[in-house]
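Report on the following structure.
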Amino acid sequence: MLITGIKSRPVYDQLRPLPGGIRHLVAGQGSGGRAMLRLLDEMPEQGMQTTLLYSQESFSGLDFLAELQQRQVAELRVYPSNQELVADLERILGNARMGTRLYLSGSESFIGTAMQVATHYDMNSDEVLREHAGSFVRRIWCVHCDSYTENVTQRVFQCPGCNAMLVVRDHYSRRLAAFQAVKADAEVPGELPEAEELDT
Amino acid sequence: MSLSNGTLNVRVARIEAVTPEIKRFTLVATDGAHLPPFSGGSNVVVLIPHENGTYRNAYSLMSSPYDSSAYQIAVRRVEEGRGGSLRMHEAVNEGDVLEILRPVNLFPLSKHARLHLFIAGGVGITPVCSQLAELRLRGTPFEVHLAVRGAEHARLGEELVREYGDAVRLYRNDLDQRLDISVVVAARPLGSHLYVCGPESMIQDAIDSAHAQGWTDSHIHYERFLEQGSVGEAFSVTLARSGATIEVSPDQSLLEAAEAAGHSIPYLCRGGACGECETRVLELDGEIVHTDDWLSDEDKAANTKIMPCVSRAKCSRLVIDC
């Protein structure tokens with residue numbers, strides 16, 4: 001059931017200025033701030049058309065807020081959590097106009113949930129770039145209780161939603177922005193597959 | 001329905017003059033059955049026999065995709081063309097049987113759009129008609145901006161105004177009502193899509209205006225209504241697989257010349273858009289006149305591929321892989 005070389009996992013980009021945009025939204029979290037800074041260096045003329053969104057939630061503890069505050073941009077919006085950033089992004093995109101470019105940088109969970117919003121507003125690959133930063137800890141969706149668990153690093157873990165022992169499948173769903181996990185001992189209760197570290 | 005050699009036989013149930021230049025043909029299956037379903041923006045190729053062969057002209061379906069009892073097409077009379085549309089106007093009568101191909105769609109609606117904006121000039125409104133019928137059920141908001149020359153050319157547009165109200169705006173050239181595309185595409189919500197069907201200058205204006213407002217190509221769709229096929233200087237081409245050398249006359253495309261000589265080349269749109277007939281060039285002594293929208297600029301410059309449905313050659317020798 002478990003496969004290697006995850007074809008369903010998105011192939012991420014490197015942030016670079018997208019041509020033609022008249023407004024730029026640069027959103028990142030944690031160590032994704034480094035790619036945001038590099039991108040801003042590459043588009044010095046667009047500062048006044050650029051809005052930064054930065055979440056200080058970080059798995060690795062890295063924080064680039066102080067450097068981002070030094071940049072000349074139209075606005076810098078700061079959030080304590082990725083979820084609050086994504087909720088605000090949804091509001092911003094709801095009022096945004098054609099000509100907007102979106103740049104995302106951060107964890108797979110952050111990028112995936114932000115992409116759910118961007119896709120809802122029909123933003124295409126010529127309007128959005130995604131750069132992965134940090135480790136590949138997984139966001140998990142439990143097929144049994146429909147709950148999501150962030151930052152999973154182990155193949156076998158206990159679902160905080162339904163307490164079932166789950167095995168994480170190597171299949172990423174962009175629609176759910178998560179890997180699926182299913183009950184690990186469904187056939188023989190108590191018989192669990194070998195524990196292993198995920199390729200995070 | 002009658003299907004032979006992949007074509008459909010249809011009877012011309014009705015012909016109406018809708019403008020001084022455009023006739024609308026209503027086509028039904030000869031056996032009264034339902035016609036194959038299609039989606040908004042589709043076209044059909046009509047086989048139009050003439051002295052030395054058959055023209056294959058593509059026309060947009062303008063009837064509702066939800067009515068498979070009949071197809072409707074609008075044919076604009078093109079005096080300076082090869083003669084296909086003139087034959088449709090002058091030689092085809094109600095009750096006649098025509099041979100057509102199954103519908104294909106090279107101008108479909110974007111399924112994820114939040115707002116659809118249509119820009120059309122004259123007979124370019126025809127693909128929009130079937131797209132609007134599809135949108136009405138879908139419920140996504142839309143606007144139509146249609147430019148016409150004068151009152152007698154406005155009838156198709158007026159039908160749409162009656163059907164869809166304020167969502168359809170007519171611009172009459174004789175009343176100095178100018179369609180400013182840069183205003184139409186300005187400050188539109190994210191997820192808007194632009195569809196353009198009209199003369200070349202209108203398409204280019206729309207693309208330039210949208211780009212200037214920051215639109216990306218994935219949101220810009222267009223269909224040219226240049227008369228299908230190609231005209232130009234005569235040339236000859238060798239088909240490598242059979243070794244046959246074919247003369248392409250000035251009013252024939254390479255594809256039509258090959259078909260007239262009994263060879264078949266795969267095709268869909270016959271308008272240089274879909275890519276189906278892409279063929280490798282094996283030998284060339286001269287230059288290819290690329291007029292398609294399919295090959296990249298690099299491919300065109302390299303002269304290693306040709307689209308036989310529209311492109312021609314100015315050369316002493318051309319060998320293609322078919």
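The way I read the labels, and the way they are meant: chains A, B, ... in the order of the structure tokens, residue 1 as the first residue of every chain, and ligand 1 as the first ligand shown, with later ones counted on from there.
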
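Using only C-alpha atoms, the protein and nucleic acid residues lying no more than 8 Å from Val28 of chain B, apart from those fewer than 4 places from it along its own chain, are Val10, Arg11, Val12, Ala13, Gly32, Leu35, Ser69, Ala70 and Tyr71 of chain B.
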
Inset, instruction - For Leu198 of chain A, work out the shell of residues within 10 Å, counting only C-alpha atoms and skipping chain neighbours fewer than 6 positions away, then give it as a ChimeraX atom specification. - result: /A:136-138,152-156,168,170

Inset, instruction - Show which residues sit within 8 Å of segment 121-130 of chain A, as a ChimeraX atom specification. Count only C-alpha atoms, and ignore same-chain residues fewer than 3 positions away. - result: /A:12-16,18,93-94,100-105,111,117-118 /B:112-114,190-191,216-218

Inset, instruction - Using only C-alpha atoms, determine which residues lie at most 9 Å from segment 93-108 of chain B, disregarding the query and same-chain residues fewer than 2 positions distant; provide the list as a ChimeraX atom specification. - result: /B:6-15,25,27,30,35-48,56,60-61,88-91,110-111,127,131,195,221-223,268-269,273-274

Mind running chain A against chain B at 6 Å and telling me each contacting residue's nearest atom pair with the distance in Å (one decimal), counting only C-alpha atoms, chain and number ascending, as CSV?
residue,atom,partner,partner_atom,distance
A:Gly20,CA,B:Gly214,CA,5.0
A:Gly21,CA,B:Gly214,CA,4.8
A:Ile22,CA,B:Gly214,CA,5.6
A:Ala96,CA,B:Leu190,CA,5.8
A:Arg97,CA,B:Pro189,CA,4.3
A:Met98,CA,B:Leu190,CA,4.7
A:Gly99,CA,B:Gly214,CA,3.7
A:Tyr121,CA,B:Gly191,CA,5.5
A:Asp122,CA,B:Gly191,CA,4.7

Write the residues of the selection above to a file with N, CA and C atoms, as an mmCIF file, in the first residue's frame.
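What follows is the written file part17.cif:
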data_model
loop_
_atom_site.group_PDB
_atom_site.id
_atom_site.type_symbol
_atom_site.label_atom_id
_atom_site.label_comp_id
_atom_site.auth_asym_id
_atom_site.auth_seq_id
_atom_site.Cartn_x
_atom_site.Cartn_y
_atom_site.Cartn_z
ATOM 1 N N GLY A 20 4.034 41.238 -15.805
ATOM 2 C CA GLY A 20 2.732 41.811 -16.132
ATOM 3 C C GLY A 20 1.843 42.178 -14.963
ATOM 4 N N GLY A 21 2.173 41.765 -13.760
ATOM 5 C CA GLY A 21 1.288 42.004 -12.626
ATOM 6 C C GLY A 21 1.220 43.481 -12.253
ATOM 7 N N ILE A 22 0.036 43.913 -11.799
ATOM 8 C CA ILE A 22 -0.072 45.293 -11.339
ATOM 9 C C ILE A 22 -0.268 45.357 -9.825
ATOM 10 N N ALA A 96 -9.970 41.320 -4.658
ATOM 11 C CA ALA A 96 -8.853 41.617 -5.559
ATOM 12 C C ALA A 96 -9.327 41.683 -7.005
ATOM 13 N N ARG A 97 -8.510 42.316 -7.833
ATOM 14 C CA ARG A 97 -8.819 42.504 -9.252
ATOM 15 C C ARG A 97 -7.905 41.651 -10.107
ATOM 16 N N MET A 98 -8.312 41.473 -11.345
ATOM 17 C CA MET A 98 -7.425 40.840 -12.320
ATOM 18 C C MET A 98 -6.141 41.663 -12.398
ATOM 19 N N GLY A 99 -5.035 40.982 -12.606
ATOM 20 C CA GLY A 99 -3.740 41.663 -12.597
ATOM 21 C C GLY A 99 -2.976 41.405 -11.312
ATOM 22 N N TYR A 121 -10.567 31.153 -6.148
ATOM 23 C CA TYR A 121 -10.684 32.403 -6.909
ATOM 24 C C TYR A 121 -10.121 32.254 -8.322
ATOM 25 N N ASP A 122 -9.941 31.026 -8.767
ATOM 26 C CA ASP A 122 -9.547 30.724 -10.146
ATOM 27 C C ASP A 122 -8.216 31.353 -10.522
#

Would you please extract all helix (DSSP H, G or I) residues from segment 47-97 of chain A, as assigned by DSSP on the backbone, and give them as a tab-separated table (two decimals) with all heavy atoms, in the first residue's frame?
chain	number	residue	atom	x	y	z
A	47	GLY	N	7.70	47.79	-5.13
A	47	GLY	CA	7.43	47.87	-3.70
A	47	GLY	C	6.07	48.45	-3.37
A	47	GLY	O	5.33	47.92	-2.54
A	48	MET	N	5.71	49.52	-4.05
A	48	MET	CA	4.45	50.20	-3.71
A	48	MET	C	3.22	49.46	-4.24
A	48	MET	O	2.10	49.78	-3.89
A	48	MET	CB	4.47	51.65	-4.22
A	48	MET	CG	5.37	52.55	-3.40
A	48	MET	SD	4.95	52.52	-1.63
A	48	MET	CE	6.37	51.69	-0.91
A	49	GLN	N	3.45	48.45	-5.10
A	49	GLN	CA	2.33	47.61	-5.55
A	49	GLN	C	2.31	46.28	-4.79
A	49	GLN	O	1.59	45.36	-5.16
A	49	GLN	CB	2.44	47.31	-7.05
A	49	GLN	CG	2.15	48.49	-7.97
A	49	GLN	CD	3.38	49.34	-8.21
A	49	GLN	OE1	4.43	48.83	-8.60
A	49	GLN	NE2	3.27	50.64	-7.96
A	65	LEU	N	10.49	38.35	10.60
A	65	LEU	CA	9.66	39.56	10.68
A	65	LEU	C	10.51	40.83	10.71
A	65	LEU	O	10.20	41.80	10.02
A	65	LEU	CB	8.74	39.49	11.91
A	65	LEU	CG	7.81	40.70	12.08
A	65	LEU	CD1	6.92	40.88	10.85
A	65	LEU	CD2	6.96	40.57	13.34
A	66	ALA	N	11.59	40.82	11.50
A	66	ALA	CA	12.39	42.04	11.63
A	66	ALA	C	12.94	42.48	10.28
A	66	ALA	O	12.90	43.67	9.93
A	66	ALA	CB	13.54	41.79	12.63
A	67	GLU	N	13.43	41.53	9.47
A	67	GLU	CA	13.96	41.88	8.14
A	67	GLU	C	12.84	42.37	7.22
A	67	GLU	O	13.02	43.32	6.47
A	67	GLU	CB	14.64	40.67	7.49
A	67	GLU	CG	16.00	40.33	8.07
A	67	GLU	CD	15.93	39.15	9.01
A	67	GLU	OE1	14.99	39.13	9.85
A	67	GLU	OE2	16.77	38.26	8.90
A	68	LEU	N	11.67	41.70	7.30
A	68	LEU	CA	10.57	42.11	6.43
A	68	LEU	C	10.12	43.53	6.75
A	68	LEU	O	9.72	44.29	5.87
A	68	LEU	CB	9.40	41.13	6.56
A	68	LEU	CG	9.65	39.74	5.94
A	68	LEU	CD1	8.56	38.75	6.37
A	68	LEU	CD2	9.70	39.81	4.42
A	69	GLN	N	10.20	43.90	8.05
A	69	GLN	CA	9.76	45.25	8.45
A	69	GLN	C	10.64	46.34	7.86
A	69	GLN	O	10.24	47.50	7.79
A	69	GLN	CB	9.74	45.36	9.98
A	69	GLN	CG	8.51	44.68	10.58
A	69	GLN	CD	8.62	44.48	12.09
A	69	GLN	OE1	9.73	44.41	12.63
A	69	GLN	NE2	7.48	44.39	12.76
A	82	ASN	N	-0.81	30.53	10.80
A	82	ASN	CA	-1.03	30.34	9.38
A	82	ASN	C	-2.52	30.42	9.05
A	82	ASN	O	-2.92	30.94	8.02
A	82	ASN	CB	-0.50	28.98	8.92
A	82	ASN	CG	1.00	28.87	9.13
A	82	ASN	OD1	1.68	29.86	9.39
A	82	ASN	ND2	1.51	27.65	9.02
A	83	GLN	N	-3.32	29.87	9.95
A	83	GLN	CA	-4.76	29.84	9.69
A	83	GLN	C	-5.32	31.24	9.59
A	83	GLN	O	-6.16	31.53	8.72
A	83	GLN	CB	-5.44	29.06	10.82
A	83	GLN	CG	-6.84	28.61	10.48
A	83	GLN	CD	-7.73	28.55	11.71
A	83	GLN	OE1	-7.27	28.22	12.81
A	83	GLN	NE2	-9.01	28.86	11.52
A	84	GLU	N	-4.83	32.15	10.46
A	84	GLU	CA	-5.34	33.53	10.39
A	84	GLU	C	-4.87	34.22	9.11
A	84	GLU	O	-5.60	35.01	8.52
A	84	GLU	CB	-4.91	34.31	11.63
A	84	GLU	CG	-5.78	33.96	12.83
A	84	GLU	CD	-5.15	34.31	14.16
A	84	GLU	OE1	-4.38	33.47	14.70
A	84	GLU	OE2	-5.40	35.42	14.63
A	85	LEU	N	-3.63	33.90	8.69
A	85	LEU	CA	-3.15	34.48	7.43
A	85	LEU	C	-4.04	34.02	6.27
A	85	LEU	O	-4.48	34.82	5.44
A	85	LEU	CB	-1.69	34.08	7.17
A	85	LEU	CG	-1.00	34.74	5.97
A	85	LEU	CD1	0.52	34.67	6.13
A	85	LEU	CD2	-1.39	34.18	4.62
A	86	VAL	N	-4.30	32.71	6.22
A	86	VAL	CA	-5.07	32.17	5.09
A	86	VAL	C	-6.49	32.74	5.10
A	86	VAL	O	-7.05	33.05	4.04
A	86	VAL	CB	-5.07	30.62	5.12
A	86	VAL	CG1	-6.03	30.06	4.07
A	86	VAL	CG2	-3.65	30.10	4.87
A	87	ALA	N	-7.07	32.92	6.29
A	87	ALA	CA	-8.42	33.51	6.36
A	87	ALA	C	-8.40	34.94	5.83
A	87	ALA	O	-9.32	35.37	5.12
A	87	ALA	CB	-8.92	33.49	7.80
A	88	ASP	N	-7.35	35.68	6.14
A	88	ASP	CA	-7.24	37.06	5.64
A	88	ASP	C	-6.98	37.07	4.13
A	88	ASP	O	-7.50	37.92	3.40
A	88	ASP	CB	-6.13	37.80	6.39
A	88	ASP	CG	-6.26	39.31	6.23
A	88	ASP	OD1	-7.42	39.81	6.20
A	88	ASP	OD2	-5.23	39.99	6.13
A	89	LEU	N	-6.17	36.11	3.67
A	89	LEU	CA	-5.90	36.00	2.24
A	89	LEU	C	-7.21	35.79	1.48
A	89	LEU	O	-7.44	36.38	0.42
A	89	LEU	CB	-4.93	34.83	1.98
A	89	LEU	CG	-4.59	34.57	0.50
A	89	LEU	CD1	-3.79	35.73	-0.09
A	89	LEU	CD2	-3.80	33.26	0.35
A	90	GLU	N	-8.08	34.98	2.05
A	90	GLU	CA	-9.37	34.73	1.41
A	90	GLU	C	-10.16	36.02	1.27
A	90	GLU	O	-10.75	36.31	0.21
A	90	GLU	CB	-10.16	33.71	2.24
A	90	GLU	CG	-11.62	33.60	1.80
A	90	GLU	CD	-12.05	32.16	1.62
A	90	GLU	OE1	-11.72	31.36	2.50
A	90	GLU	OE2	-12.71	31.86	0.61
A	91	ARG	N	-10.14	36.83	2.31
A	91	ARG	CA	-10.86	38.11	2.27
A	91	ARG	C	-10.23	39.03	1.22
A	91	ARG	O	-10.93	39.69	0.45
A	91	ARG	CB	-10.79	38.75	3.67
A	91	ARG	CG	-11.69	39.94	3.87
A	91	ARG	CD	-11.38	40.64	5.19
A	91	ARG	NE	-9.97	41.06	5.28
A	91	ARG	CZ	-9.46	42.10	4.64
A	91	ARG	NH1	-10.23	42.83	3.85
A	91	ARG	NH2	-8.18	42.40	4.75
A	92	ILE	N	-8.88	39.07	1.20
A	92	ILE	CA	-8.18	39.96	0.26
A	92	ILE	C	-8.45	39.54	-1.19
A	92	ILE	O	-8.74	40.37	-2.05
A	92	ILE	CB	-6.66	39.97	0.56
A	92	ILE	CG1	-6.40	40.64	1.91
A	92	ILE	CG2	-5.88	40.67	-0.55
A	92	ILE	CD1	-4.97	40.49	2.41
A	93	LEU	N	-8.36	38.24	-1.46
A	93	LEU	CA	-8.59	37.77	-2.84
A	93	LEU	C	-10.03	38.02	-3.27
A	93	LEU	O	-10.31	38.26	-4.44
A	93	LEU	CB	-8.23	36.29	-2.98
A	93	LEU	CG	-6.75	35.93	-2.83
A	93	LEU	CD1	-6.55	34.44	-3.10
A	93	LEU	CD2	-5.86	36.76	-3.74
A	94	GLY	N	-10.95	37.96	-2.31
A	94	GLY	CA	-12.36	38.21	-2.63
A	94	GLY	C	-12.59	39.60	-3.16
A	94	GLY	O	-13.52	39.85	-3.93
A	95	ASN	N	-11.74	40.56	-2.76
A	95	ASN	CA	-11.86	41.94	-3.24
A	95	ASN	C	-10.83	42.28	-4.31
A	95	ASN	O	-10.80	43.41	-4.80
A	95	ASN	CB	-11.68	42.92	-2.08
A	95	ASN	CG	-12.79	42.77	-1.05
A	95	ASN	OD1	-13.94	42.64	-1.41
A	95	ASN	ND2	-12.42	42.75	0.23

Contacts of Glu233 of chain B at 12 Å or less, counting only C-alpha atoms, minus same-chain residues fewer than 2 places along, as an mmCIF file with N, CA and C atoms, in the first residue's frame?
data_model
loop_
_atom_site.group_PDB
_atom_site.id
_atom_site.type_symbol
_atom_site.label_atom_id
_atom_site.label_comp_id
_atom_site.auth_asym_id
_atom_site.auth_seq_id
_atom_site.Cartn_x
_atom_site.Cartn_y
_atom_site.Cartn_z
ATOM 1 N N SER B 230 -6.717 28.012 -46.439
ATOM 2 C CA SER B 230 -5.701 28.999 -46.739
ATOM 3 C C SER B 230 -5.684 29.280 -48.228
ATOM 4 N N VAL B 231 -5.317 30.498 -48.549
ATOM 5 C CA VAL B 231 -5.146 30.882 -49.949
ATOM 6 C C VAL B 231 -3.775 31.521 -50.087
ATOM 7 N N PHE B 235 2.037 25.754 -54.695
ATOM 8 C CA PHE B 235 3.314 25.097 -54.391
ATOM 9 C C PHE B 235 3.095 23.592 -54.468
ATOM 10 N N SER B 236 4.191 22.853 -54.472
ATOM 11 C CA SER B 236 4.025 21.403 -54.493
ATOM 12 C C SER B 236 4.675 20.788 -53.257
ATOM 13 N N GLU B 247 0.194 18.860 -56.044
ATOM 14 C CA GLU B 247 0.195 20.294 -56.353
ATOM 15 C C GLU B 247 -0.898 20.976 -55.526
ATOM 16 N N VAL B 248 -0.512 21.994 -54.791
ATOM 17 C CA VAL B 248 -1.487 22.745 -53.995
ATOM 18 C C VAL B 248 -1.816 24.021 -54.772
ATOM 19 N N SER B 249 -3.081 24.165 -55.178
ATOM 20 C CA SER B 249 -3.466 25.329 -55.992
ATOM 21 C C SER B 249 -3.653 26.552 -55.084
ATOM 22 N N PRO B 250 -3.742 27.757 -55.673
ATOM 23 C CA PRO B 250 -3.815 28.973 -54.848
ATOM 24 C C PRO B 250 -5.015 29.023 -53.904
ATOM 25 N N ASP B 251 -6.140 28.350 -54.273
ATOM 26 C CA ASP B 251 -7.318 28.460 -53.405
ATOM 27 C C ASP B 251 -7.531 27.198 -52.559
ATOM 28 N N GLN B 252 -6.471 26.447 -52.361
ATOM 29 C CA GLN B 252 -6.562 25.181 -51.649
ATOM 30 C C GLN B 252 -5.543 25.189 -50.507
ATOM 31 N N SER B 253 -5.882 24.513 -49.430
ATOM 32 C CA SER B 253 -4.856 24.300 -48.410
ATOM 33 C C SER B 253 -4.109 23.004 -48.733
ATOM 34 N N LEU B 254 -2.948 22.849 -48.102
ATOM 35 C CA LEU B 254 -2.189 21.609 -48.283
ATOM 36 C C LEU B 254 -3.051 20.408 -47.898
ATOM 37 N N ILE B 288 8.704 28.105 -45.218
ATOM 38 C CA ILE B 288 7.311 27.791 -44.909
ATOM 39 C C ILE B 288 6.638 29.079 -44.454
ATOM 40 N N VAL B 289 5.424 29.304 -44.954
ATOM 41 C CA VAL B 289 4.639 30.458 -44.507
ATOM 42 C C VAL B 289 3.689 29.947 -43.419
ATOM 43 N N SER B 311 -1.114 26.362 -43.238
ATOM 44 C CA SER B 311 0.173 26.931 -43.632
ATOM 45 C C SER B 311 0.567 26.495 -45.044
ATOM 46 N N ARG B 312 1.357 27.334 -45.662
ATOM 47 C CA ARG B 312 1.775 27.092 -47.044
ATOM 48 C C ARG B 312 3.292 27.174 -47.122
ATOM 49 N N ALA B 313 3.818 27.031 -48.352
ATOM 50 C CA ALA B 313 5.269 27.106 -48.523
ATOM 51 C C ALA B 313 5.606 27.882 -49.774
ATOM 52 N N LYS B 314 6.740 28.561 -49.721
ATOM 53 C CA LYS B 314 7.327 29.173 -50.922
ATOM 54 C C LYS B 314 8.648 28.462 -51.098
ATOM 55 N N CYS B 315 8.660 27.444 -51.921
ATOM 56 C CA CYS B 315 9.854 26.612 -51.949
ATOM 57 C C CYS B 315 9.937 25.850 -53.262
#
